[in-house]
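Report on the structure given below.
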Amino acid sequence: MKIHFVESDYWGELEPNFQINYARQVTDAYAEAAELLPSLSSHINYVVQPREYDLIEETQDSGYTKNSELIVLGFHPRPRHGLDSILNHIRATVFHESNHAARFATGEWHETLLQQAIMEGLATVFERDKAGSDPLWGRYQNEDIGAWLHEIQDTHTTARTNDYLYSHPDGRKWIVYKVGTYIIDKATEYSGKTISELTPLSCDEILKFAKITE
């Protein structure tokens, strides 16, 4: 595993030890996640970029898994809650993205919104339960989640994916993530399997465990 800090003018604005502390948090989180995810590659590259765009508004950071060995991490160099908030949240982000990387390593592919929901649900439950986080995109209890599930099942594949992943025009947020978290919670409840055991399984198997049909 390697961490690559991209060159940026922003680094000059940050305190000297920030990169060291950030790298330590990423390294420790990766080691913890790897213990729980047998398929997680030992050759993952984390590419880190400070920037002011393409971030989660609420957390001021982001993560994106390109494939089983490449994860891109971003954070705001002047976050509204201070740099400690970035350091405190990176562990959860690494857990989330490591789950994606481990799943990609199994060769499972995700094309439909329902399949993407399963992928995001696995990662969200993994970060919630194993990193001890409380992600906003995993809170579905106050939503009409059954209706959202049916909507994802019925939505044509040409629908704007980002509307369902992030912010929908009608004001809803993280529909795919919340539906996915619900699916994985049901799969865990009915099957008795752990999140680590569910991660490498096919979408069809997970839906079967959750007692949900496509």
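Here's how to read the names in the structure tokens: chain A, B, ... by the order shown, residue numbers from 1 in each chain, ligand numbers from 1 in the order shown.
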Practice prompt. Within 7 Å of Ala187 (chain A), counting only C-alpha atoms, which residues show up once you throw out same-chain ones fewer than 5 positions away? Write them as a list in words, please.
Written response: Ile206, Phe209 and Ala210 of chain A
Restricting to only C-alpha atoms, whichever of A:Thr112, A:Gly138, A:Ile118, A:Arg160 is closest to Ile212 (chain A) is A:Ile118
Set the distance at 8 Å and use only C-alpha atoms: which residues neighbour region 4-19 of chain A once local chain neighbours fewer than 5 positions away are removed? I'd like the list as a VMD selection string.
chain A and resid 45 to 51 77
Output N, CA and C atoms for every residue in that selection, as an mmCIF file, in the first residue's frame.
data_model
loop_
_atom_site.group_PDB
_atom_site.id
_atom_site.type_symbol
_atom_site.label_atom_id
_atom_site.label_comp_id
_atom_site.auth_asym_id
_atom_site.auth_seq_id
_atom_site.Cartn_x
_atom_site.Cartn_y
_atom_site.Cartn_z
ATOM 1 N N ASN A 45 -3.137 1.940 -4.055
ATOM 2 C CA ASN A 45 -2.547 3.268 -4.108
ATOM 3 C C ASN A 45 -3.616 4.283 -3.717
ATOM 4 N N TYR A 46 -3.313 5.074 -2.692
ATOM 5 C CA TYR A 46 -4.189 6.157 -2.280
ATOM 6 C C TYR A 46 -3.607 7.459 -2.824
ATOM 7 N N VAL A 47 -4.348 8.118 -3.694
ATOM 8 C CA VAL A 47 -3.918 9.387 -4.268
ATOM 9 C C VAL A 47 -4.686 10.504 -3.565
ATOM 10 N N VAL A 48 -3.959 11.415 -2.935
ATOM 11 C CA VAL A 48 -4.580 12.428 -2.083
ATOM 12 C C VAL A 48 -4.420 13.814 -2.708
ATOM 13 N N GLN A 49 -5.543 14.528 -2.845
ATOM 14 C CA GLN A 49 -5.517 15.866 -3.435
ATOM 15 C C GLN A 49 -6.327 16.859 -2.603
ATOM 16 N N PRO A 50 -5.693 17.921 -2.104
ATOM 17 C CA PRO A 50 -6.467 19.006 -1.496
ATOM 18 C C PRO A 50 -7.128 19.821 -2.597
ATOM 19 N N ARG A 51 -8.402 20.140 -2.435
ATOM 20 C CA ARG A 51 -9.125 20.900 -3.448
ATOM 21 C C ARG A 51 -10.387 21.502 -2.836
ATOM 22 N N PRO A 77 -8.867 22.219 1.785
ATOM 23 C CA PRO A 77 -7.724 22.700 2.567
ATOM 24 C C PRO A 77 -8.106 23.704 3.649
#
Among region 58-201 of chain A, which ones does DSSP assign to helix (DSSP H, G or I) (computed from the backbone)? Answer as a PyMOL selection string.
chain A and resi 83-105+113-130+136-138+145-154+161-165+175-191+195-198
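Atom to atom, CA of His96 (chain A) and CA of Glu127 (chain A) stand 5.1 Å apart.
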With DSSP run on the backbone, what are the strand (DSSP E or B) residues within chain A? I'd like them as a list in words. Lys2, Ile3, His4, Phe5, Asn45, Tyr46, Val47, Val48, Gln49, Pro50, Ile56, Asp61, Ser62, Gly63, Tyr64, Thr65, Lys66, Asn67, Leu70, Ile71, Val72, Leu73, Gly74, Phe75, Ser167 and Lys173 of chain A
The residue from A:Cys203, A:Ser98, A:Trp148, A:Thr59 with the smallest atom-to-atom distance to Gly82 (chain A), counting only C-alpha atoms, is A:Thr59
**Asked** Within 10 Å of region 60-74 of chain A, counting only C-alpha atoms, which residues qualify if same-chain residues fewer than 5 places away don't, as number ranges by chain?
**Response** A: 1-5, 39-55, 79-83, 85-86, 89-90, 93-94, 96-107
Dump as a short mmCIF file (atom, residue, chain, number, x, y, z; two decimals), in the first residue's frame, selection limited to N, CA and C atoms:
data_model
loop_
_atom_site.label_atom_id
_atom_site.label_comp_id
_atom_site.auth_asym_id
_atom_site.auth_seq_id
_atom_site.Cartn_x
_atom_site.Cartn_y
_atom_site.Cartn_z
N MET A 1 0.84 -1.19 0.00
CA MET A 1 0.00 0.00 0.00
C MET A 1 0.88 1.25 0.00
N LYS A 2 0.49 2.20 -0.84
CA LYS A 2 1.24 3.45 -0.89
C LYS A 2 0.28 4.64 -0.89
N ILE A 3 0.76 5.74 -0.33
CA ILE A 3 0.00 6.98 -0.32
C ILE A 3 0.75 8.00 -1.17
N HIS A 4 0.06 8.58 -2.13
CA HIS A 4 0.66 9.55 -3.03
C HIS A 4 -0.01 10.91 -2.81
N PHE A 5 0.75 11.88 -2.32
CA PHE A 5 0.24 13.23 -2.17
C PHE A 5 0.57 14.01 -3.44
N SER A 39 -10.06 -10.11 0.45
CA SER A 39 -9.77 -9.84 -0.96
C SER A 39 -9.15 -8.47 -1.20
N LEU A 40 -8.96 -7.68 -0.15
CA LEU A 40 -8.38 -6.35 -0.31
C LEU A 40 -6.92 -6.45 -0.71
N SER A 41 -6.56 -5.77 -1.79
CA SER A 41 -5.19 -5.85 -2.32
C SER A 41 -4.18 -5.21 -1.37
N SER A 42 -2.99 -5.77 -1.37
CA SER A 42 -1.88 -5.18 -0.60
C SER A 42 -1.17 -4.11 -1.41
N HIS A 43 -1.63 -3.90 -2.65
CA HIS A 43 -0.97 -2.94 -3.55
C HIS A 43 -1.87 -1.74 -3.84
N ILE A 44 -2.73 -1.40 -2.92
CA ILE A 44 -3.60 -0.24 -3.14
C ILE A 44 -2.80 1.06 -3.12
N ASN A 45 -3.14 1.94 -4.05
CA ASN A 45 -2.55 3.27 -4.11
C ASN A 45 -3.62 4.28 -3.72
N TYR A 46 -3.31 5.07 -2.69
CA TYR A 46 -4.19 6.16 -2.28
C TYR A 46 -3.61 7.46 -2.82
N VAL A 47 -4.35 8.12 -3.69
CA VAL A 47 -3.92 9.39 -4.27
C VAL A 47 -4.69 10.50 -3.56
N VAL A 48 -3.96 11.42 -2.93
CA VAL A 48 -4.58 12.43 -2.08
C VAL A 48 -4.42 13.81 -2.71
N GLN A 49 -5.54 14.53 -2.85
CA GLN A 49 -5.52 15.87 -3.44
C GLN A 49 -6.33 16.86 -2.60
N PRO A 50 -5.69 17.92 -2.10
CA PRO A 50 -6.47 19.01 -1.50
C PRO A 50 -7.13 19.82 -2.60
N ARG A 51 -8.40 20.14 -2.44
CA ARG A 51 -9.12 20.90 -3.45
C ARG A 51 -10.39 21.50 -2.84
N GLU A 52 -11.03 22.39 -3.59
CA GLU A 52 -12.21 23.08 -3.08
C GLU A 52 -13.48 22.70 -3.83
N TYR A 53 -13.47 21.63 -4.60
CA TYR A 53 -14.62 21.24 -5.41
C TYR A 53 -14.76 19.72 -5.37
N ASP A 54 -15.90 19.22 -5.87
CA ASP A 54 -16.13 17.78 -5.96
C ASP A 54 -15.92 17.09 -4.61
N LEU A 55 -16.51 17.68 -3.57
CA LEU A 55 -16.41 17.15 -2.21
C LEU A 55 -17.81 16.98 -1.63
N PRO A 79 -11.35 23.61 5.54
CA PRO A 79 -12.69 23.10 5.89
C PRO A 79 -13.34 23.96 6.96
N ARG A 80 -14.66 24.06 6.90
CA ARG A 80 -15.38 24.96 7.80
C ARG A 80 -15.24 24.55 9.27
N HIS A 81 -14.98 23.25 9.52
CA HIS A 81 -14.85 22.79 10.90
C HIS A 81 -13.39 22.51 11.28
N GLY A 82 -12.47 22.99 10.47
CA GLY A 82 -11.05 22.84 10.78
C GLY A 82 -10.45 21.54 10.26
N LEU A 83 -9.14 21.51 10.18
CA LEU A 83 -8.45 20.35 9.63
C LEU A 83 -8.59 19.10 10.49
N SER A 85 -11.27 18.02 11.64
CA SER A 85 -12.45 17.31 11.16
C SER A 85 -12.10 16.40 9.98
N ILE A 86 -11.15 16.82 9.17
CA ILE A 86 -10.69 15.99 8.05
C ILE A 86 -9.96 14.77 8.57
N HIS A 89 -12.35 12.20 10.08
CA HIS A 89 -13.27 11.50 9.19
C HIS A 89 -12.59 10.57 8.21
N ILE A 90 -11.28 10.69 8.05
CA ILE A 90 -10.61 9.93 6.99
C ILE A 90 -10.67 8.42 7.26
N THR A 93 -13.79 7.09 5.75
CA THR A 93 -13.70 7.12 4.29
C THR A 93 -12.84 5.99 3.77
N VAL A 94 -11.73 5.73 4.43
CA VAL A 94 -10.85 4.63 4.00
C VAL A 94 -11.57 3.29 4.14
N HIS A 96 -14.81 2.79 3.93
CA HIS A 96 -15.82 2.75 2.87
C HIS A 96 -15.19 2.39 1.52
N GLU A 97 -14.13 3.12 1.17
CA GLU A 97 -13.51 2.89 -0.14
C GLU A 97 -12.77 1.56 -0.21
N SER A 98 -12.24 1.10 0.90
CA SER A 98 -11.57 -0.20 0.92
C SER A 98 -12.55 -1.33 0.66
N ASN A 99 -13.77 -1.16 1.14
CA ASN A 99 -14.80 -2.16 0.85
C ASN A 99 -15.08 -2.21 -0.64
N HIS A 100 -15.14 -1.06 -1.30
CA HIS A 100 -15.31 -1.03 -2.75
C HIS A 100 -14.15 -1.77 -3.44
N ALA A 101 -12.94 -1.46 -3.01
CA ALA A 101 -11.77 -2.06 -3.65
C ALA A 101 -11.76 -3.57 -3.48
N ALA A 102 -12.14 -4.04 -2.30
CA ALA A 102 -12.21 -5.48 -2.05
C ALA A 102 -13.26 -6.13 -2.93
N ARG A 103 -14.37 -5.45 -3.12
CA ARG A 103 -15.44 -5.99 -3.96
C ARG A 103 -15.02 -6.00 -5.43
N PHE A 104 -14.37 -4.95 -5.89
CA PHE A 104 -13.89 -4.94 -7.26
C PHE A 104 -12.92 -6.09 -7.51
N ALA A 105 -12.15 -6.45 -6.50
CA ALA A 105 -11.16 -7.53 -6.64
C ALA A 105 -11.83 -8.87 -6.90
N THR A 106 -13.10 -9.01 -6.52
CA THR A 106 -13.80 -10.28 -6.75
C THR A 106 -14.34 -10.39 -8.17
N GLY A 107 -14.32 -9.27 -8.92
CA GLY A 107 -14.82 -9.29 -10.29
C GLY A 107 -16.29 -8.99 -10.44
#
Excluding Arg139 (chain A) and its own-chain neighbours fewer than 3 positions away, which residues fall within 10 Å of it when counting only C-alpha atoms? Please give them as a tab-separated table (two decimals) with C-alpha atoms, in the first residue's frame.
chain	number	residue	atom	x	y	z
A	124	THR	CA	-21.71	2.19	4.02
A	134	ASP	CA	-22.55	7.43	11.55
A	135	PRO	CA	-22.69	8.36	7.86
A	136	LEU	CA	-25.51	10.65	6.79
A	142	ASN	CA	-37.01	8.21	8.63
A	143	GLU	CA	-37.38	7.74	4.88
A	174	TRP	CA	-28.20	9.71	-1.29
A	177	TYR	CA	-26.79	4.76	-0.58
A	178	LYS	CA	-29.74	4.67	1.80
A	179	VAL	CA	-31.58	1.98	-0.14
A	181	THR	CA	-27.81	0.28	3.43
A	182	TYR	CA	-31.35	-0.96	4.01
Judged by only C-alpha atoms, the minimum distance to Ala147 (chain A) among A:Val26, A:Ile175, A:Ile20, A:Leu201 is found for A:Ile175
Residue with the minimum atom-to-atom distance to Lys173 (chain A), picked from A:Ala23, A:Ile56, A:Val125, A:Leu87 with only C-alpha atoms counted, is A:Ile56
- Task: Would you mind listing what lies within 10 Å of Lys130 (chain A) as an MDAnalysis selection string, with only C-alpha atoms counted and same-chain residues fewer than 4 positions away left out?
- Result: chainID A and resid 32:33 36 92 95:96 124:126 195:196
Counting only C-alpha atoms, what is within 10 Å of Gln115 (chain A), bar same-chain residues fewer than 3 positions away, as a tab-separated table (two decimals) with C-alpha atoms, in the first residue's frame?
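Printed below is selection.tsv as written:
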chain	number	residue	atom	x	y	z
A	108	GLU	CA	-18.40	-8.38	-9.39
A	109	TRP	CA	-19.72	-5.60	-11.64
A	110	HIS	CA	-22.49	-3.09	-10.91
A	111	GLU	CA	-24.47	-1.59	-13.77
A	112	THR	CA	-28.06	-1.03	-12.67
A	118	ILE	CA	-25.81	-3.01	-3.13
A	119	MET	CA	-22.23	-1.86	-3.70
A	120	GLU	CA	-22.76	1.40	-1.81
A	121	GLY	CA	-24.76	-0.32	0.89
A	152	ILE	CA	-34.79	2.15	-8.00
A	153	GLN	CA	-36.02	-1.22	-9.21
A	176	VAL	CA	-28.91	4.76	-3.73
A	180	GLY	CA	-28.37	-0.03	-0.31
A	202	SER	CA	-22.89	-11.60	-5.95
A	203	CYS	CA	-25.71	-9.08	-6.10
A	204	ASP	CA	-28.18	-11.90	-6.73
A	207	LEU	CA	-30.80	-9.83	-2.77
A	214	GLU	CA	-35.14	-7.66	-8.82
